[in-house]
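**Student:** Quick one: the structure is below, questions incoming.
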Amino acid sequence: MTTAVVSGGTRGIGRALSLRLAALGYRVIALYRGDGPAAEQTERAGAGRITALRCDLTRPDEIHAVSARITGEYGAPSVLVNNAGVNRDRSFLSMTAEDWDMVLATNLSGPFHLSRALAPVMVEAGGGSIVNIASTTAIRPRSNGANYCASKAGLIQLTKCLALELAPHIRVNALLPGFTDTDEVTERYRLDDPERLAAVLDTVPARRLGTTDDMADALEYLVSTRSSYLTGQQLVVDGGHFMG
């Protein structure tokens, strides 16, 4: 059974990505930091194809330890999805050094260290696909998110650099979700308020929020042979909200 690794793979978009890869026949290693109940629920939903492993992506030592465990027990993955991310939204003038460091460590350094740990064994095993989950705020700034926007913009540039250096063995692409119907997005943008939701939908030509299945559909394309000539690219899935 071919292995896939999904960081932040037990909640929100990451959970949908883990479940889709499991449905495609992968043995999925879903990394999580602290939500044990969500990890257990995702394992159960995966019907034996998903294993959740704890890893704090702000700690390179934990990344190297879990990567060694993955390769030792399951072999080299053919798919790596760098999905884990955090927000600490504040205005720039009130943003603390801790706010900045935590977001950059998770959203940008985490993918670097995890890719650096797993890419060599992926190359040795014949290659594969890395998909970095960025955000449309990587290319379209927003208020109160200088740390998050910068981290995701950096992730796009990291995607391009890895695509150059890991070719032709590993394809590396970025998936950029727009407004997606998850608990985290609802809370951050207060979309449980009908007026705020209506205001957001007015900016989206598709007139709806994205679903986690929309993102899983995009991931399925990016890891399949149908995208075999695609690397170093950004796939924006946002209902037309941003047209660059």
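Chain labels run A, B, ... following the order of the structure tokens; each chain numbers its residues from 1, and ligands are numbered from 1 in the order shown.
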Would you pick out the contacts of A:Leu19 at 12 Å or less, using only C-alpha atoms, so that residues sharing its chain but fewer than 5 positions from it are not included, and give the list as a ChimeraX atom specification?

**Tutor:** /A:4-6,9-14,24-30,41-52,212-213,215-217,219-220

**Student:** Atom CA of A:Ala39 and atom CA of A:Leu17 are how many Å apart?

**Tutor:**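 For atom CA of A:Ala39 relative to atom CA of A:Leu17, the distance reads 13.6 Å.
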
**Student:** Identify which of the residues A:Leu93, A:Ile139, A:Val86, A:Ala206 lies closest to A:Val185, counting only C-alpha atoms when measuring atom-to-atom distances.

**Tutor:**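 Ranking A:Leu93, A:Ile139, A:Val86, A:Ala206 by distance to A:Val185, first place goes to A:Val86.
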
**Student:** Point out the residue among A:Thr225, A:Ser151, A:Asn173, A:Asn83 with the least atom-to-atom distance to A:Arg15, counting only C-alpha atoms.

**Tutor:**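 Looking at the shortest contact to A:Arg15, the residue is A:Asn83.
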
**Student:** Could you tell me how far atom CA of A:Ala167 lies from atom CA of A:Leu80, in Å and to one decimal?

**Tutor:**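 Pair atom CA of A:Ala167 / atom CA of A:Leu80 returns 15.2 Å.
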
**Student:** Can you pull out every residue within 12 Å of A:Asp183, counting only C-alpha atoms, but drop anything in the same chain fewer than 3 positions away, and send it as number ranges by chain?

**Tutor:** A: 11-13, 179-180, 186-192, 211-212

**Student:** Report the residues of stretch 4-212 of chain A whose backbone DSSP state falls under strand (DSSP E), written as a ChimeraX atom specification.

**Tutor:** /A:4-7,27-32,50-54,79-82,128-133,170-177

**Student:** Please determine, counting only C-alpha atoms, which residue among A:Leu176, A:Cys149, A:Leu222, A:Leu118 has the shortest atom-to-atom distance to A:Val103.

**Tutor:** A:Cys149

**Student:** Per DSSP on the backbone, what are the alpha helix (DSSP H) residues of stretch 17-61 of chain A, as a list of chain:residue names?

**Tutor:**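 Taking stretch 17-61 of chain A and keeping alpha helix (DSSP H) only, one gets A:Leu17, A:Ser18, A:Leu19, A:Arg20, A:Leu21, A:Ala22, A:Ala23, A:Gly36, A:Pro37, A:Ala38, A:Ala39, A:Glu40, A:Gln41, A:Thr42, A:Glu43, A:Arg44, A:Ala45, A:Pro60, A:Asp61.
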
**Student:** Could you write those residues out with all heavy atoms, as a short mmCIF file (atom, residue, chain, number, x, y, z; two decimals), in the first residue's frame?

**Tutor:**
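Saved file part-v2.cif follows:
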```
data_model
loop_
_atom_site.label_atom_id
_atom_site.label_comp_id
_atom_site.auth_asym_id
_atom_site.auth_seq_id
_atom_site.Cartn_x
_atom_site.Cartn_y
_atom_site.Cartn_z
N LEU A 17 -8.69 16.01 3.21
CA LEU A 17 -7.60 15.55 2.35
C LEU A 17 -7.15 14.15 2.77
O LEU A 17 -6.89 13.29 1.91
CB LEU A 17 -6.43 16.53 2.43
CG LEU A 17 -6.74 17.99 2.07
CD1 LEU A 17 -5.46 18.83 2.12
CD2 LEU A 17 -7.41 18.10 0.71
N SER A 18 -7.05 13.91 4.07
CA SER A 18 -6.67 12.58 4.56
C SER A 18 -7.70 11.54 4.13
O SER A 18 -7.33 10.44 3.65
CB SER A 18 -6.56 12.59 6.09
OG SER A 18 -5.48 13.38 6.53
N LEU A 19 -8.97 11.85 4.29
CA LEU A 19 -10.01 10.90 3.92
C LEU A 19 -10.04 10.63 2.42
O LEU A 19 -10.25 9.50 1.99
CB LEU A 19 -11.37 11.41 4.39
CG LEU A 19 -11.59 11.43 5.91
CD1 LEU A 19 -12.89 12.14 6.26
CD2 LEU A 19 -11.60 10.00 6.47
N ARG A 20 -9.80 11.66 1.62
CA ARG A 20 -9.79 11.45 0.17
C ARG A 20 -8.63 10.54 -0.24
O ARG A 20 -8.80 9.63 -1.07
CB ARG A 20 -9.70 12.77 -0.56
CG ARG A 20 -9.65 12.65 -2.10
CD ARG A 20 -10.93 11.99 -2.67
NE ARG A 20 -12.09 12.77 -2.38
CZ ARG A 20 -12.53 13.78 -3.13
NH1 ARG A 20 -11.88 14.10 -4.25
NH2 ARG A 20 -13.62 14.45 -2.79
N LEU A 21 -7.45 10.80 0.31
CA LEU A 21 -6.30 9.96 -0.03
C LEU A 21 -6.52 8.53 0.42
O LEU A 21 -6.15 7.59 -0.28
CB LEU A 21 -5.03 10.54 0.61
CG LEU A 21 -4.53 11.86 0.00
CD1 LEU A 21 -3.46 12.48 0.88
CD2 LEU A 21 -3.99 11.62 -1.42
N ALA A 22 -7.16 8.36 1.58
CA ALA A 22 -7.47 7.00 2.04
C ALA A 22 -8.44 6.32 1.07
O ALA A 22 -8.28 5.14 0.74
CB ALA A 22 -8.06 7.05 3.45
N ALA A 23 -9.43 7.07 0.60
CA ALA A 23 -10.39 6.51 -0.36
C ALA A 23 -9.73 6.15 -1.67
O ALA A 23 -10.19 5.24 -2.39
CB ALA A 23 -11.52 7.52 -0.60
N GLY A 36 -6.55 15.45 20.34
CA GLY A 36 -6.64 14.00 20.36
C GLY A 36 -7.97 13.45 19.90
O GLY A 36 -8.01 12.50 19.10
N PRO A 37 -9.11 13.99 20.39
CA PRO A 37 -10.41 13.48 19.93
C PRO A 37 -10.60 13.57 18.41
O PRO A 37 -11.13 12.65 17.79
CB PRO A 37 -11.41 14.37 20.68
CG PRO A 37 -10.69 14.75 21.93
CD PRO A 37 -9.26 14.93 21.50
N ALA A 38 -10.16 14.68 17.80
CA ALA A 38 -10.28 14.82 16.35
C ALA A 38 -9.42 13.78 15.65
O ALA A 38 -9.81 13.22 14.62
CB ALA A 38 -9.88 16.22 15.91
N ALA A 39 -8.23 13.51 16.20
CA ALA A 39 -7.36 12.50 15.62
C ALA A 39 -8.01 11.12 15.67
O ALA A 39 -7.98 10.36 14.68
CB ALA A 39 -6.03 12.48 16.34
N GLU A 40 -8.63 10.79 16.80
CA GLU A 40 -9.29 9.50 16.93
C GLU A 40 -10.47 9.38 15.97
O GLU A 40 -10.69 8.33 15.34
CB GLU A 40 -9.76 9.31 18.37
CG GLU A 40 -8.63 9.19 19.38
CD GLU A 40 -9.12 9.19 20.81
OE1 GLU A 40 -10.37 9.21 21.01
OE2 GLU A 40 -8.29 9.15 21.73
N GLN A 41 -11.24 10.45 15.84
CA GLN A 41 -12.38 10.43 14.92
C GLN A 41 -11.93 10.24 13.47
O GLN A 41 -12.56 9.51 12.70
CB GLN A 41 -13.18 11.72 15.07
CG GLN A 41 -13.90 11.86 16.40
CD GLN A 41 -14.45 13.26 16.62
OE1 GLN A 41 -14.45 14.09 15.71
NE2 GLN A 41 -14.91 13.54 17.83
N THR A 42 -10.84 10.89 13.12
CA THR A 42 -10.33 10.77 11.75
C THR A 42 -9.83 9.35 11.49
O THR A 42 -10.07 8.79 10.41
CB THR A 42 -9.21 11.79 11.49
OG1 THR A 42 -9.73 13.11 11.70
CG2 THR A 42 -8.69 11.69 10.06
N GLU A 43 -9.15 8.77 12.45
CA GLU A 43 -8.71 7.38 12.30
C GLU A 43 -9.90 6.45 12.09
O GLU A 43 -9.87 5.59 11.20
CB GLU A 43 -7.92 6.93 13.53
CG GLU A 43 -6.50 7.44 13.58
CD GLU A 43 -5.68 6.78 14.66
OE1 GLU A 43 -6.27 6.40 15.70
OE2 GLU A 43 -4.47 6.62 14.48
N ARG A 44 -10.94 6.63 12.89
CA ARG A 44 -12.13 5.77 12.74
C ARG A 44 -12.77 5.96 11.37
O ARG A 44 -13.18 5.00 10.72
CB ARG A 44 -13.14 6.06 13.84
CG ARG A 44 -12.74 5.55 15.22
CD ARG A 44 -13.92 5.52 16.16
NE ARG A 44 -14.47 6.85 16.40
CZ ARG A 44 -14.05 7.65 17.38
NH1 ARG A 44 -13.08 7.26 18.19
NH2 ARG A 44 -14.60 8.82 17.54
N ALA A 45 -12.86 7.21 10.93
CA ALA A 45 -13.47 7.49 9.62
C ALA A 45 -12.65 6.90 8.49
O ALA A 45 -13.19 6.60 7.42
CB ALA A 45 -13.63 8.99 9.42
N PRO A 60 11.63 21.16 15.14
CA PRO A 60 12.31 20.31 14.15
C PRO A 60 12.68 18.94 14.67
O PRO A 60 12.66 17.97 13.91
CB PRO A 60 13.54 21.14 13.79
CG PRO A 60 13.14 22.55 14.04
CD PRO A 60 12.26 22.50 15.26
N ASP A 61 12.99 18.82 15.97
CA ASP A 61 13.36 17.51 16.51
C ASP A 61 12.19 16.55 16.44
O ASP A 61 12.36 15.36 16.14
CB ASP A 61 13.88 17.63 17.95
CG ASP A 61 12.89 18.32 18.88
OD1 ASP A 61 12.05 19.11 18.41
OD2 ASP A 61 12.96 18.05 20.11
#
```

**Student:** Compile the contact shell of A:Tyr229 as a PyMOL selection string: residues with an atom at most 12 Å away, counting only C-alpha atoms, same-chain residues fewer than 4 positions apart removed.

**Tutor:** chain A and resi 129+163+167-173+221-225+233

**Student:** To one decimal place, how far is atom CA of A:Thr159 from atom CA of A:Ser115 in Å?

**Tutor:**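 Calculated distance between atom CA of A:Thr159 and atom CA of A:Ser115 is 10.4 Å.
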
**Student:** With distances taken over only C-alpha atoms, which residue among A:Thr96, A:Ser67, A:Ser228, A:Gln157 lies nearest A:Ala117?

**Tutor:**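 Closest candidate: A:Ser67.
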